[in-house]
Amino acid sequence: MKLSVREMNKGDIEDFVQYWLNASDQYLLDLGVDLKKRPTREQIEKLVNDQIGVAMEKRKAYFLTWLYDNKSIGCSNLNQIEYGKRAFMHLHIWDYMNRKKGFGAALIKKSLPFYFKNLKLQEVYCEPYALNPAPNKVVEKIGFTFIKQYLTVPGASNFEQMVNQWKLTRADYESIMAKNKNR
């Protein structure tokens with residue numbers, strides 16, 4: 001079993017599109033998605049295509065593909081990027097067969113160097129739906145610090161919901177990477 005991460009390329013976009021288009025209504029609701037705001041194929045393709053090849057300092061979003069034995073199984077992305085300062089992380093394992101296997105923590109750890117190095121970030125935030133236990137557990141396990149729980153509409157495709165705000169500082173990231181090297 002080999003887990004790896006790479007920057008999302010044009011060949012990965014269709015898998016990302018299919019994830020959104022084929023997800024059950026209940027699954028999307030569990031993520032906090034407002035079904036009336038579900039993104040279209042065109043919106044998803046444009047979102048990713050418009051950022052591929054853009055200079056890091058000018059990125060509005062940054063997409064990574066998660067791989068299991070060289071097959072794409074999910075992604076992580078950042079938005080609300082303030083280059084050199086902070087950004088907000090999202091994570092998705094596309095196929096339910098690959099969920100609840102511990103892949104999330106390993107793949108996020110492999111994603112963090114892309115985020116902190118390429119975007120020169122000082123902080124990465126993650127704000128999962130408070131009622132979605134999986135992402136909340138995984139970011140805590142990795143070493144993100146819980147900041148607060150609050151009511152918001154966290155994204156263009158979401159309904160108003162309680163989210164848990166988690167933060168990972170550059171110092172925390174460097175500590176995590178140092179521990180991984182010593183193993």
# chains A, B, ... in the order shown; residues from 1 in each chain; ligands from 1
$ residues_around --residues "segment 87-91 of chain A" --least-positions-apart "3" --cutoff "8 Å" --atoms "only C-alpha atoms" --output "count of residues only"
18
$ atom_distance --atom1 "atom CA of Lys181 of chain A" --atom2 "atom CA of Trp66 of chain A"
20.9 Å
$ residues_around --residues "Glu57 of chain A" --least-positions-apart "2" --cutoff "10 Å" --atoms "only C-alpha atoms" --output "PyMOL selection string"
chain A and resi 54-55+59-60+81-84+118-120
$ residues_around --residues "Asp34 of chain A" --least-positions-apart "5" --cutoff "7 Å" --atoms "only C-alpha atoms" --output "ChimeraX atom specification"
/A:29,157-159
$ write_last_selection --atoms "N, CA and C atoms" --output "PDB file, in the first residue's frame"
ATOM      1  N   LEU A  29     -25.338  16.093   2.508  1.00  0.00           N
ATOM      2  CA  LEU A  29     -25.921  16.735   3.690  1.00  0.00           C
ATOM      3  C   LEU A  29     -25.047  16.504   4.918  1.00  0.00           C
ATOM      4  N   SER A 157     -21.235  26.429  -1.334  1.00  0.00           N
ATOM      5  CA  SER A 157     -22.165  25.310  -1.524  1.00  0.00           C
ATOM      6  C   SER A 157     -22.741  24.781  -0.207  1.00  0.00           C
ATOM      7  N   ASN A 158     -22.591  25.547   0.866  1.00  0.00           N
ATOM      8  CA  ASN A 158     -23.033  25.072   2.183  1.00  0.00           C
ATOM      9  C   ASN A 158     -24.286  25.778   2.684  1.00  0.00           C
ATOM     10  N   PHE A 159     -24.970  25.103   3.620  1.00  0.00           N
ATOM     11  CA  PHE A 159     -26.050  25.737   4.374  1.00  0.00           C
ATOM     12  C   PHE A 159     -25.455  26.292   5.667  1.00  0.00           C
TER      13      PHE A 159
END
$ closest_residue --among "A:Ser4, A:Asn49, A:Ser175, A:Gln43" --to "Phe103 of chain A" --atoms "only C-alpha atoms"
A:Ser4
$ select_by_dssp --residues "segment 11-175 of chain A" --states "strand (DSSP E or B)" --output "compact mmCIF listing (two decimals) with N, CA and C atoms, in the first residue's frame"
# COMPACT_ATOMS: atom_id res chain seq x y z
N VAL A 33 -23.39 20.26 2.90
CA VAL A 33 -23.68 20.85 1.59
C VAL A 33 -25.18 21.12 1.47
N ALA A 61 -7.08 29.33 -5.01
CA ALA A 61 -7.28 27.98 -4.50
C ALA A 61 -6.09 27.14 -4.94
N TYR A 62 -5.81 26.10 -4.19
CA TYR A 62 -4.68 25.22 -4.49
C TYR A 62 -5.15 23.79 -4.24
N PHE A 63 -5.11 22.96 -5.28
CA PHE A 63 -5.66 21.61 -5.23
C PHE A 63 -4.57 20.55 -5.27
N LEU A 64 -4.70 19.56 -4.40
CA LEU A 64 -3.82 18.41 -4.39
C LEU A 64 -4.65 17.15 -4.61
N THR A 65 -4.08 16.18 -5.29
CA THR A 65 -4.73 14.89 -5.50
C THR A 65 -4.10 13.89 -4.55
N TRP A 66 -4.94 13.10 -3.91
CA TRP A 66 -4.50 12.03 -3.03
C TRP A 66 -4.54 10.72 -3.80
N LEU A 67 -3.46 9.94 -3.67
CA LEU A 67 -3.35 8.69 -4.42
C LEU A 67 -3.10 7.50 -3.50
N TYR A 68 -3.66 6.38 -3.89
CA TYR A 68 -3.43 5.09 -3.24
C TYR A 68 -2.96 4.15 -4.33
N LYS A 71 -3.42 5.50 -7.82
CA LYS A 71 -4.79 5.75 -8.30
C LYS A 71 -5.40 6.86 -7.45
N SER A 72 -5.98 7.86 -8.08
CA SER A 72 -6.55 8.97 -7.32
C SER A 72 -7.75 8.49 -6.50
N ILE A 73 -7.72 8.85 -5.21
CA ILE A 73 -8.80 8.43 -4.30
C ILE A 73 -9.41 9.62 -3.56
N GLY A 74 -8.86 10.80 -3.73
CA GLY A 74 -9.39 11.95 -3.01
C GLY A 74 -8.57 13.18 -3.28
N CYS A 75 -8.86 14.21 -2.51
CA CYS A 75 -8.13 15.46 -2.70
C CYS A 75 -8.18 16.29 -1.42
N SER A 76 -7.29 17.24 -1.39
CA SER A 76 -7.30 18.28 -0.39
C SER A 76 -7.10 19.58 -1.16
N ASN A 77 -7.71 20.62 -0.67
CA ASN A 77 -7.48 21.90 -1.31
C ASN A 77 -7.52 23.01 -0.28
N LEU A 78 -6.92 24.11 -0.66
CA LEU A 78 -6.95 25.32 0.15
C LEU A 78 -7.73 26.37 -0.60
N ASN A 79 -8.46 27.20 0.16
CA ASN A 79 -9.04 28.40 -0.41
C ASN A 79 -8.85 29.52 0.61
N GLN A 80 -9.43 30.68 0.32
CA GLN A 80 -9.23 31.86 1.17
C GLN A 80 -7.74 32.05 1.44
N ILE A 81 -6.94 31.88 0.41
CA ILE A 81 -5.48 31.94 0.56
C ILE A 81 -5.01 33.38 0.71
N GLU A 82 -4.24 33.62 1.76
CA GLU A 82 -3.49 34.87 1.92
C GLU A 82 -2.03 34.44 1.87
N ARG A 86 -2.04 32.78 5.66
CA ARG A 86 -2.95 31.70 6.06
C ARG A 86 -3.82 31.26 4.89
N ALA A 87 -4.45 30.09 5.09
CA ALA A 87 -5.41 29.54 4.13
C ALA A 87 -6.29 28.54 4.86
N PHE A 88 -7.38 28.15 4.19
CA PHE A 88 -8.34 27.22 4.77
C PHE A 88 -8.35 25.92 3.98
N MET A 89 -8.20 24.81 4.70
CA MET A 89 -8.04 23.48 4.09
C MET A 89 -9.36 22.71 4.07
N HIS A 90 -9.54 21.99 2.97
CA HIS A 90 -10.67 21.08 2.79
C HIS A 90 -10.10 19.71 2.43
N LEU A 91 -10.82 18.65 2.77
CA LEU A 91 -10.33 17.30 2.49
C LEU A 91 -11.49 16.39 2.13
N HIS A 92 -11.25 15.55 1.12
CA HIS A 92 -12.30 14.64 0.63
C HIS A 92 -11.68 13.33 0.17
N ILE A 93 -12.16 12.24 0.71
CA ILE A 93 -11.84 10.92 0.14
C ILE A 93 -13.06 10.53 -0.67
N GLU A 123 -0.14 29.75 8.87
CA GLU A 123 -1.25 29.06 9.52
C GLU A 123 -2.13 28.39 8.47
N VAL A 124 -2.60 27.20 8.81
CA VAL A 124 -3.61 26.51 8.01
C VAL A 124 -4.79 26.25 8.93
N TYR A 125 -5.95 26.66 8.47
CA TYR A 125 -7.19 26.44 9.21
C TYR A 125 -8.00 25.35 8.53
N CYS A 126 -8.81 24.67 9.30
CA CYS A 126 -9.78 23.71 8.78
C CYS A 126 -11.06 23.92 9.58
N TYR A 129 -17.76 20.82 9.26
CA TYR A 129 -19.11 20.79 9.85
C TYR A 129 -19.00 20.11 11.21
N THR A 145 -5.00 22.51 16.47
CA THR A 145 -5.53 22.99 17.74
C THR A 145 -6.96 23.48 17.54
N PHE A 146 -7.85 23.03 18.42
CA PHE A 146 -9.24 23.50 18.37
C PHE A 146 -9.27 24.95 18.83
N ILE A 147 -9.91 25.81 18.03
CA ILE A 147 -10.01 27.23 18.37
C ILE A 147 -11.40 27.57 18.90
N LYS A 148 -12.42 27.23 18.11
CA LYS A 148 -13.78 27.57 18.54
C LYS A 148 -14.80 26.85 17.67
N GLN A 149 -16.04 26.86 18.15
CA GLN A 149 -17.17 26.38 17.37
C GLN A 149 -18.07 27.58 17.15
N TYR A 150 -18.54 27.76 15.90
CA TYR A 150 -19.40 28.90 15.63
C TYR A 150 -20.33 28.63 14.45
N LEU A 151 -21.38 29.44 14.35
CA LEU A 151 -22.40 29.32 13.32
C LEU A 151 -22.02 30.18 12.12
N THR A 152 -22.02 29.57 10.93
CA THR A 152 -21.65 30.31 9.72
C THR A 152 -22.15 29.57 8.49
N ASN A 158 -22.59 25.55 0.87
CA ASN A 158 -23.03 25.07 2.18
C ASN A 158 -24.29 25.78 2.68
N GLN A 161 -24.47 26.47 9.32
CA GLN A 161 -24.17 25.34 10.18
C GLN A 161 -23.15 25.71 11.24
N MET A 162 -23.09 24.88 12.26
CA MET A 162 -22.03 25.00 13.25
C MET A 162 -20.78 24.34 12.67
N VAL A 163 -19.67 25.05 12.75
CA VAL A 163 -18.39 24.48 12.32
C VAL A 163 -17.43 24.52 13.49
N ASN A 164 -16.48 23.62 13.47
CA ASN A 164 -15.38 23.63 14.42
C ASN A 164 -14.17 24.21 13.71
N GLN A 165 -13.60 25.26 14.26
CA GLN A 165 -12.41 25.85 13.66
C GLN A 165 -11.17 25.25 14.32
N TRP A 166 -10.30 24.72 13.48
CA TRP A 166 -9.04 24.12 13.89
C TRP A 166 -7.91 24.89 13.22
N LYS A 167 -6.76 24.99 13.89
CA LYS A 167 -5.62 25.73 13.34
C LYS A 167 -4.34 24.93 13.53
N LEU A 168 -3.50 24.98 12.50
CA LEU A 168 -2.16 24.42 12.57
C LEU A 168 -1.19 25.53 12.20
N THR A 169 -0.30 25.87 13.13
CA THR A 169 0.69 26.92 12.87
C THR A 169 1.91 26.31 12.18
$ select_by_dssp --residues "segment 16-178 of chain A" --states "alpha helix (DSSP H)" --output "VMD selection string"
chain A and resid 16 to 22 25 to 31 41 to 49 103 to 118 133 to 142 170 to 178
$ write_last_selection --atoms "C-alpha atoms" --output "short mmCIF file (atom, residue, chain, number, x, y, z; two decimals), in the first residue's frame"
data_model
loop_
_atom_site.label_atom_id
_atom_site.label_comp_id
_atom_site.auth_asym_id
_atom_site.auth_seq_id
_atom_site.Cartn_x
_atom_site.Cartn_y
_atom_site.Cartn_z
CA PHE A 16 -13.16 15.33 -8.69
CA VAL A 17 -16.21 16.19 -10.81
CA GLN A 18 -17.59 12.66 -10.51
CA TYR A 19 -17.19 12.75 -6.73
CA TRP A 20 -19.45 15.80 -6.53
CA LEU A 21 -21.94 14.69 -9.16
CA ASN A 22 -22.32 11.09 -7.96
CA ASP A 25 -27.82 13.52 -1.21
CA GLN A 26 -27.42 12.13 2.32
CA TYR A 27 -23.63 12.07 2.05
CA LEU A 28 -23.56 15.69 0.90
CA LEU A 29 -25.92 16.73 3.69
CA ASP A 30 -23.61 14.99 6.17
CA LEU A 31 -20.78 17.16 4.81
CA ARG A 41 -19.76 20.12 -13.67
CA GLU A 42 -18.89 23.43 -15.31
CA GLN A 43 -18.37 25.20 -11.98
CA ILE A 44 -16.07 22.47 -10.66
CA GLU A 45 -14.03 22.29 -13.87
CA LYS A 46 -13.64 26.07 -13.98
CA LEU A 47 -12.71 26.27 -10.30
CA VAL A 48 -9.80 23.86 -10.75
CA ASN A 49 -8.74 24.73 -14.30
CA PHE A 103 -5.77 7.23 5.00
CA GLY A 104 -6.92 10.76 5.87
CA ALA A 105 -4.30 11.47 8.53
CA ALA A 106 -1.45 10.08 6.43
CA LEU A 107 -2.55 11.99 3.34
CA ILE A 108 -3.00 15.27 5.18
CA LYS A 109 0.51 14.91 6.63
CA LYS A 110 1.79 14.40 3.08
CA SER A 111 -0.19 17.46 1.92
CA LEU A 112 1.11 19.86 4.56
CA PRO A 113 4.58 20.36 2.99
CA PHE A 114 2.92 21.48 -0.26
CA TYR A 115 0.87 24.02 1.65
CA PHE A 116 3.46 25.41 4.04
CA LYS A 117 6.38 25.44 1.59
CA ASN A 118 4.73 26.38 -1.70
CA PRO A 133 -16.99 13.51 13.02
CA ALA A 134 -14.40 12.19 10.53
CA PRO A 135 -12.60 15.42 9.57
CA ASN A 136 -12.80 16.72 13.13
CA LYS A 137 -11.14 13.58 14.46
CA VAL A 138 -8.44 13.49 11.81
CA VAL A 139 -7.28 17.10 12.18
CA GLU A 140 -7.16 16.72 15.95
CA LYS A 141 -5.16 13.50 15.58
CA ILE A 142 -2.63 15.23 13.33
CA ARG A 170 3.99 26.70 11.02
CA ALA A 171 5.69 25.78 14.32
CA ASP A 172 3.17 22.96 14.87
CA TYR A 173 3.72 21.77 11.30
CA GLU A 174 7.51 21.75 11.74
CA SER A 175 7.13 19.77 14.97
CA ILE A 176 4.92 17.18 13.24
CA MET A 177 7.40 16.82 10.38
CA ALA A 178 10.32 16.44 12.82
#
$ closest_residue --among "A:Ala130, A:Met1, A:Met56, A:Leu35" --to "Asp69 of chain A" --atoms "only C-alpha atoms"
A:Met1
